[in-house]
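Q: My structure is stored as work_23.txt, with compact mmCIF, C-alpha atoms.
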```
# COMPACT_ATOMS: atom_id res chain seq x y z
CA MET F 79 46.87 -65.57 67.26
CA GLU F 80 45.01 -68.12 65.24
CA ASN F 81 41.80 -66.06 65.35
CA LYS F 82 43.61 -63.01 63.97
CA SER F 83 45.00 -65.00 61.05
CA HIS F 84 41.54 -66.29 60.18
CA ALA F 85 40.12 -62.75 60.27
CA LEU F 86 42.91 -61.49 58.02
CA MET F 87 42.32 -64.23 55.50
CA ALA F 88 38.58 -63.50 55.51
CA GLY F 89 39.22 -59.80 54.87
CA ILE F 90 41.63 -60.50 52.05
CA PHE F 91 39.14 -62.90 50.48
CA THR F 92 36.36 -60.34 50.74
CA LEU F 93 38.44 -57.61 49.12
CA ALA F 94 39.53 -59.97 46.33
CA LEU F 95 35.93 -61.01 45.72
CA LEU F 96 34.84 -57.32 45.61
CA VAL F 97 37.59 -56.39 43.14
CA ALA F 98 36.74 -59.41 40.99
CA GLY F 99 33.06 -58.42 40.97
CA ILE F 100 33.92 -54.86 39.94
CA LEU F 101 36.23 -56.05 37.18
CA LEU F 102 33.62 -58.53 35.98
CA ALA F 103 30.96 -55.81 35.92
CA MET F 104 33.22 -53.49 33.99
CA TRP F 105 34.02 -56.27 31.54
CA PHE F 106 30.34 -57.02 30.97
CA ASN F 107 29.42 -53.31 30.73
CA ARG F 108 32.22 -52.28 28.47
CA ASP F 109 31.23 -50.75 25.14
CA ARG F 110 32.21 -53.04 22.34
CA ILE F 111 31.00 -50.62 19.63
CA GLU F 112 33.74 -48.65 17.90
CA ARG F 113 32.46 -45.06 17.64
CA VAL F 114 33.41 -42.31 15.16
CA PRO F 115 35.02 -39.20 16.71
CA PHE F 116 33.85 -35.67 15.90
CA GLU F 117 34.75 -32.25 17.22
CA MET F 118 32.58 -29.22 17.97
CA ALA F 119 34.04 -25.73 18.42
CA THR F 120 32.21 -22.89 20.12
CA LYS F 121 32.85 -19.62 21.91
CA LEU F 122 29.59 -19.93 23.80
CA SER F 123 29.41 -21.11 27.38
CA VAL F 124 28.60 -24.79 27.98
CA PRO F 125 27.09 -24.85 31.47
CA GLY F 126 26.10 -28.29 32.77
CA LEU F 127 27.95 -30.21 30.05
CA ASN F 128 30.36 -32.81 31.40
CA PRO F 129 32.38 -35.69 29.93
CA GLN F 130 30.36 -38.86 29.39
CA ALA F 131 27.28 -36.74 28.77
CA ASP F 132 24.84 -38.12 26.25
CA VAL F 133 24.95 -37.28 22.55
CA ARG F 134 21.55 -37.49 20.85
CA TYR F 135 20.55 -37.23 17.22
CA ARG F 136 17.00 -35.86 17.08
CA GLY F 137 16.24 -37.46 20.42
CA LEU F 138 18.01 -40.82 19.88
CA ASP F 139 21.12 -41.76 21.89
CA VAL F 140 24.00 -42.10 19.46
CA GLY F 141 27.12 -41.44 21.51
CA LYS F 142 28.93 -39.80 24.40
CA VAL F 143 30.99 -36.71 25.14
CA ASP F 144 34.64 -37.71 25.40
CA GLU F 145 36.25 -34.54 26.70
CA ILE F 146 35.85 -30.77 26.89
CA ILE F 147 38.99 -28.66 26.47
CA PHE F 148 40.05 -25.18 25.45
CA ASP F 149 41.26 -24.68 21.91
CA PRO F 150 45.03 -24.07 22.09
CA ASN F 151 44.97 -22.23 18.75
CA VAL F 152 42.01 -19.89 19.31
CA PRO F 153 41.81 -18.04 22.65
CA GLY F 154 38.40 -18.32 24.32
CA GLN F 155 37.18 -21.12 22.07
CA ILE F 156 36.03 -24.43 23.58
CA LEU F 157 36.45 -27.81 21.87
CA VAL F 158 33.93 -30.54 22.66
CA HIS F 159 35.07 -33.98 21.49
CA ILE F 160 32.26 -36.46 20.95
CA SER F 161 32.02 -39.97 19.56
CA VAL F 162 28.94 -41.32 17.80
CA ARG F 163 27.86 -44.62 16.36
CA PRO F 164 29.00 -45.41 12.82
CA GLY F 165 25.45 -45.52 11.45
CA THR F 166 24.62 -41.97 12.54
CA PRO F 167 23.77 -39.85 9.43
CA MET F 168 26.39 -37.14 9.89
CA THR F 169 26.48 -34.67 6.96
CA GLN F 170 28.15 -31.35 6.25
CA SER F 171 24.96 -29.56 7.39
CA THR F 172 24.81 -31.37 10.76
CA TYR F 173 25.06 -29.07 13.77
CA GLY F 174 24.89 -29.43 17.53
CA VAL F 175 23.20 -27.53 20.34
CA LEU F 176 23.05 -27.94 24.09
CA GLY F 177 19.94 -29.50 25.56
CA TYR F 178 18.98 -29.74 29.22
CA GLN F 179 17.24 -32.56 31.06
CA GLY F 180 14.27 -31.24 32.99
CA VAL F 181 15.09 -29.07 35.99
CA THR F 182 18.30 -30.87 36.94
CA GLY F 183 20.46 -28.66 34.72
CA ILE F 184 22.37 -31.65 33.31
CA ALA F 185 23.27 -30.85 29.71
CA TYR F 186 23.65 -33.10 26.70
CA VAL F 187 24.55 -32.56 23.05
CA GLN F 188 21.62 -32.51 20.65
CA LEU F 189 22.55 -33.15 17.01
CA ASP F 190 20.33 -32.06 14.11
CA ASP F 191 20.53 -31.43 10.38
CA ASP F 192 19.00 -28.55 8.38
CA GLY F 193 19.47 -30.40 5.06
CA SER F 194 21.33 -27.55 3.33
CA LYS F 195 24.38 -29.76 2.50
CA PRO F 196 23.31 -33.43 2.39
CA VAL F 197 26.86 -34.70 1.84
CA LYS F 198 28.20 -37.42 4.17
CA LEU F 199 30.81 -36.13 6.61
CA THR F 200 33.82 -38.42 7.02
CA SER F 201 35.91 -38.41 10.20
CA SER F 202 38.75 -40.39 11.80
CA LYS F 203 40.64 -40.57 15.09
CA ASP F 204 43.70 -38.91 13.55
CA LYS F 205 41.71 -36.06 12.02
CA PRO F 206 38.24 -35.70 13.55
CA ALA F 207 35.77 -33.71 11.47
CA ARG F 208 34.49 -30.50 12.95
CA ILE F 209 30.78 -29.70 13.09
CA GLU F 210 29.07 -26.44 13.94
CA MET F 211 27.77 -25.78 17.42
CA ARG F 212 24.91 -23.31 17.42
CA PRO F 213 23.44 -21.31 20.30
CA SER F 214 20.97 -23.25 22.40
CA LEU F 215 17.50 -22.10 23.37
CA PHE F 216 18.89 -20.91 26.70
CA ASP F 217 21.57 -18.87 24.92
CA ASN F 218 18.99 -17.32 22.62
CA LEU F 219 16.77 -16.48 25.56
CA GLN F 220 19.72 -14.99 27.40
CA THR F 221 20.75 -12.86 24.42
CA ARG F 222 17.23 -11.72 23.64
CA GLY F 223 16.56 -11.20 27.33
CA LEU F 224 19.43 -8.72 27.46
CA VAL F 225 18.04 -6.93 24.43
CA ILE F 226 14.58 -6.86 26.00
CA LEU F 227 16.03 -5.52 29.24
CA GLN F 228 17.85 -2.78 27.33
CA GLN F 229 14.69 -1.85 25.46
CA THR F 230 12.75 -1.88 28.74
CA GLU F 231 15.31 0.40 30.29
CA ALA F 232 15.11 2.78 27.32
CA LEU F 233 11.31 2.72 27.56
CA THR F 234 11.48 3.48 31.27
CA LEU F 235 13.74 6.46 30.61
CA ARG F 236 11.32 7.75 27.98
CA LEU F 237 8.40 7.33 30.39
CA ASN F 238 10.33 9.21 33.04
CA ARG F 239 10.97 12.07 30.60
CA LEU F 240 7.33 11.96 29.55
CA LEU F 241 6.06 12.16 33.12
CA THR F 242 7.94 15.30 34.08
CA PRO F 243 5.93 17.87 36.07
CA ASP F 244 5.50 20.11 33.01
CA ASN F 245 4.25 17.24 30.87
CA GLN F 246 1.96 16.10 33.65
CA ALA F 247 0.43 19.57 33.78
CA VAL F 248 -0.06 19.51 29.99
CA MET F 249 -1.69 16.05 30.12
CA LEU F 250 -3.97 17.11 32.97
CA GLY F 251 -4.97 20.16 30.93
CA ALA F 252 -5.68 17.91 27.95
CA PHE F 253 -7.83 15.63 30.12
CA SER F 254 -9.69 18.71 31.37
CA ASP F 255 -10.30 19.86 27.80
CA ILE F 256 -11.54 16.39 26.88
CA SER F 257 -13.91 16.48 29.85
CA LYS F 258 -15.26 19.85 28.74
CA ALA F 259 -15.66 18.56 25.20
CA ALA F 260 -17.56 15.54 26.52
CA ILE F 261 -19.88 17.83 28.48
CA ALA F 262 -20.44 19.94 25.37
CA LEU F 263 -21.19 16.79 23.35
CA GLU F 264 -23.79 15.79 25.92
CA SER F 265 -25.66 19.06 25.28
CA ILE F 266 -25.74 18.52 21.51
CA PRO F 267 -28.67 16.01 21.56
CA ALA F 268 -30.79 18.48 23.51
CA ARG F 269 -30.05 21.16 20.93
CA LEU F 270 -30.82 18.81 18.08
CA GLU F 271 -34.13 17.71 19.58
CA PRO F 272 -36.22 20.59 18.05
CA THR F 273 -34.70 19.96 14.65
CA LEU F 274 -35.28 16.22 14.97
CA SER F 275 -38.88 16.85 15.98
CA ARG F 276 -39.41 18.81 12.75
CA LEU F 277 -37.94 16.09 10.62
CA PRO F 278 -41.24 14.19 10.13
CA ALA F 279 -42.93 17.36 8.84
CA LEU F 280 -39.96 18.08 6.60
CA THR F 281 -40.14 14.52 5.37
CA THR F 282 -43.84 14.95 4.55
CA GLN F 283 -43.14 18.22 2.74
CA ALA F 284 -40.32 16.60 0.85
CA SER F 285 -42.67 13.81 -0.17
CA ASP F 286 -45.26 16.35 -1.37
CA THR F 287 -42.54 18.23 -3.26
CA LEU F 288 -41.40 15.03 -4.90
CA ALA F 289 -45.01 14.26 -5.86
CA SER F 290 -45.34 17.77 -7.36
CA VAL F 291 -42.10 17.32 -9.23
CA GLN F 292 -43.39 13.99 -10.50
CA ARG F 293 -46.63 15.59 -11.71
CA LEU F 294 -44.64 18.40 -13.34
CA SER F 295 -42.46 15.81 -14.99
CA ASP F 296 -45.56 14.00 -16.27
CA ASP F 297 -47.05 17.29 -17.60
CA THR F 298 -43.72 18.14 -19.22
CA GLY F 299 -43.71 14.73 -20.86
CA LYS F 300 -47.19 15.31 -22.21
CA LEU F 301 -46.20 18.80 -23.45
CA VAL F 302 -43.15 17.35 -25.18
CA SER F 303 -45.40 14.73 -26.76
CA ASN F 304 -47.77 17.47 -28.00
CA PHE F 305 -44.84 19.45 -29.42
CA SER F 306 -43.60 16.33 -31.09
CA GLY F 307 -47.04 15.80 -32.65
CA ILE F 308 -47.19 19.42 -33.81
CA THR F 309 -43.69 19.21 -35.26
CA THR F 310 -44.61 15.99 -37.02
CA ARG F 311 -47.72 17.58 -38.53
CA LEU F 312 -45.81 20.71 -39.54
CA GLN F 313 -43.10 18.68 -41.23
CA ALA F 314 -45.47 16.18 -42.86
CA PRO F 315 -45.88 16.22 -46.69
CA ASP F 316 -48.54 18.80 -47.75
CA GLY F 317 -48.30 20.15 -44.20
CA THR F 318 -48.15 23.73 -43.02
CA LEU F 319 -44.41 24.13 -43.63
CA ASP F 320 -44.70 22.55 -47.05
CA ARG F 321 -47.61 24.85 -48.03
CA LEU F 322 -45.75 27.87 -46.59
CA ALA F 323 -42.70 27.05 -48.70
CA THR F 324 -44.95 26.79 -51.80
CA THR F 325 -46.52 30.17 -50.98
CA VAL F 326 -43.08 31.77 -50.57
CA ASP F 327 -42.04 30.38 -53.93
CA GLN F 328 -45.19 31.85 -55.53
CA LEU F 329 -44.54 35.22 -53.90
CA GLY F 330 -41.00 35.14 -55.28
CA SER F 331 -42.33 34.52 -58.79
CA VAL F 332 -44.86 37.39 -58.50
CA ALA F 333 -42.15 39.71 -57.16
CA GLY F 334 -39.95 38.84 -60.14
CA ARG F 335 -42.69 39.64 -62.60
CA ILE F 336 -43.50 42.92 -60.82
CA GLU F 337 -39.80 43.84 -60.86
CA LEU F 338 -39.65 43.20 -64.63
CA LYS F 339 -42.66 45.47 -65.23
CA ILE F 340 -41.74 48.27 -62.84
CA LEU F 341 -38.03 48.66 -63.69
CA PRO F 342 -38.69 50.39 -67.08
CA LEU F 343 -41.20 52.72 -65.40
CA GLY F 344 -38.57 53.53 -62.84
CA ASP F 345 -36.04 54.50 -65.50
CA GLU F 346 -38.58 56.79 -67.20
CA ALA F 347 -39.47 58.31 -63.84
CA ASN F 348 -35.80 59.01 -63.19
CA SER F 349 -35.40 60.75 -66.57
CA THR F 350 -38.49 62.84 -65.93
CA LEU F 351 -37.22 63.81 -62.51
CA HIS F 352 -33.86 64.86 -63.94
CA ALA F 353 -35.61 67.01 -66.54
CA VAL F 354 -37.81 68.62 -63.86
CA ASN F 355 -34.72 69.28 -61.72
CA ARG F 356 -32.94 70.99 -64.65
CA THR F 357 -36.02 73.11 -65.34
CA LEU F 358 -36.23 74.16 -61.70
CA ASP F 359 -32.52 75.02 -61.64
CA THR F 360 -32.92 77.13 -64.77
CA PHE F 361 -35.95 78.89 -63.29
CA ASN F 362 -34.06 79.61 -60.09
CA ASN F 363 -31.09 81.05 -61.99
CA ARG F 364 -33.07 82.89 -64.75
CA PRO F 365 -36.69 83.50 -63.86
CA GLN F 366 -37.05 85.63 -66.99
CA SER F 367 -36.47 82.51 -69.07
CA ILE F 368 -40.16 81.78 -68.67
CA LEU F 369 -40.97 84.95 -70.62
CA PHE F 370 -37.96 85.22 -72.89
CA GLY F 371 -37.00 81.65 -73.24
CA PRO F 372 -33.73 80.08 -72.32
CA ALA F 373 -30.48 82.06 -72.81
CA PRO F 374 -28.58 81.20 -75.94
CA ALA F 375 -25.72 78.86 -75.42
CA ALA F 376 -22.21 80.32 -75.29
CA PRO F 377 -20.31 80.00 -78.60
CA GLY F 378 -17.75 77.25 -78.61
CA PRO F 379 -14.25 77.25 -80.05
CA GLY F 380 -14.32 78.05 -83.79
CA GLU F 381 -17.78 79.71 -83.56
CA ALA F 382 -18.46 83.37 -84.03
CA GLY F 383 -18.13 85.39 -80.85
CA PHE F 384 -15.97 82.79 -79.02
CA VAL F 385 -13.60 84.35 -76.54
CA ALA F 386 -10.87 82.23 -75.02
CA PRO F 387 -10.72 82.32 -71.26
CA VAL F 388 -7.87 84.27 -69.70
CA ARG F 389 -5.33 82.19 -67.85
```
Just give me the structure as structure tokens.
A:
Amino acid sequence: MENKSHALMAGIFTLALLVAGILLAMWFNRDRIERVPFEMATKLSVPGLNPQADVRYRGLDVGKVDEIIFDPNVPGQILVHISVRPGTPMTQSTYGVLGYQGVTGIAYVQLDDDGSKPVKLTSSKDKPARIEMRPSLFDNLQTRGLVILQQTEALTLRLNRLLTPDNQAVMLGAFSDISKAAIALESIPARLEPTLSRLPALTTQASDTLASVQRLSDDTGKLVSNFSGITTRLQAPDGTLDRLATTVDQLGSVAGRIELKILPLGDEANSTLHAVNRTLDTFNNRPQSILFGPAPAAPGPGEAGFVAPVR
């Protein structure tokens, strides 16, 4: 009986000592820092995030996650209550994302600031300030992965439509045509070989032609120089053109003098010709006028023998 009482006392003492050690450890490990509460709202999933998870500001531990609940006012929205140290630079542009530790899948809240609104954000226990919770890298990968899968599926459908038997026959025909074209291209160098072999001779002839053209150009230049010299001599003072102009002027003067001398003779010749013409007309009309002289003129009005014409 006495042994049982000693064992009971020893057990009670051990339990009391264990409870005292736990309480002492909790008292030493208790957080004496008064943190500032904040609230994050999101409709995204928060896998791996649990209460007491770490809250980090650009990699530095600044607080803990207090609780995770559903928003009673907005269906499907999750509220994450966190508390951070008072010295944490929380502004109106501060936002939070979920981060994951290695391959364990344990999540934590990563705080950051884009600097768009550098105004200090005040918060209290009665009315905690709300900060934005943005999609994490995993969420972005999941969203974009779905888009990529949809695009891949659409691409697969297009490839399936492209690889129908009719299209396959068309593509095989195109490959056959390309093969024939390649064979035809291979024969082109052989056909060009005779022409290419004549190229050196053509090049030599072209060189000779260019030399001939150069000589012709030189001769033309000399001819132009000679013409220029002739033109210069012709146009020089007391030159051929000048003497020719003087001669023309002299001929003009002589022609004027001849005209002045010949014009009177011309008038006399015209009078003589008119007289000869009248004589010939008279002879043609009255040949006897040569023997008997010209017929007397008809009497005019008021003269003896005048007879008025009958009307």
Q: I'd like the neighbourhood of Val143 (chain F) as an MDAnalysis selection string, where a residue qualifies if any of its atoms comes within 7 Å (using only C-alpha atoms), though same-chain residues fewer than 4 positions away should be ignored.
A: chainID F and resid 129:133 159:161
Q: Excluding region 183-190 of chain F and any residue of its chain fewer than 3 positions from it, enumerate the residues within 7 Å of it, using all atoms listed in the file, and give them as an MDAnalysis selection string.
A: chainID F and resid 126:127 131:136 172:180
Q: For CA of Thr120 (chain F) and CA of Pro150 (chain F), quote the distance in Å rounded to one decimal.
A: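 These two atoms are separated by 13.0 Å.
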Q: For Arg163 (chain F), find every residue with an atom within 12 Å (counting all atoms listed in the file), except residues of its own chain fewer than 5 positions away, and show them as a compact mmCIF listing (two decimals) with C-alpha atoms, in the frame of the given file.
A:
```txt
# COMPACT_ATOMS: atom_id res chain seq x y z
CA ASP F 109 31.23 -50.75 25.14
CA ARG F 110 32.21 -53.04 22.34
CA ILE F 111 31.00 -50.62 19.63
CA GLU F 112 33.74 -48.65 17.90
CA ARG F 113 32.46 -45.06 17.64
CA VAL F 114 33.41 -42.31 15.16
CA PRO F 115 35.02 -39.20 16.71
CA PHE F 116 33.85 -35.67 15.90
CA VAL F 133 24.95 -37.28 22.55
CA ARG F 134 21.55 -37.49 20.85
CA TYR F 135 20.55 -37.23 17.22
CA LEU F 138 18.01 -40.82 19.88
CA ASP F 139 21.12 -41.76 21.89
CA VAL F 140 24.00 -42.10 19.46
CA GLY F 141 27.12 -41.44 21.51
CA LYS F 142 28.93 -39.80 24.40
CA MET F 168 26.39 -37.14 9.89
CA SER F 201 35.91 -38.41 10.20
```
Q: Report the distance between CA of Lys195 (chain F) and CA of Arg212 (chain F) in Å, rounded to one decimal place.
A: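 These atoms are spaced 16.3 Å apart.
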Q: What does the distance from CA of Glu145 (chain F) to CA of Val158 (chain F) come to in Å, to one decimal?
A: 6.1 Å
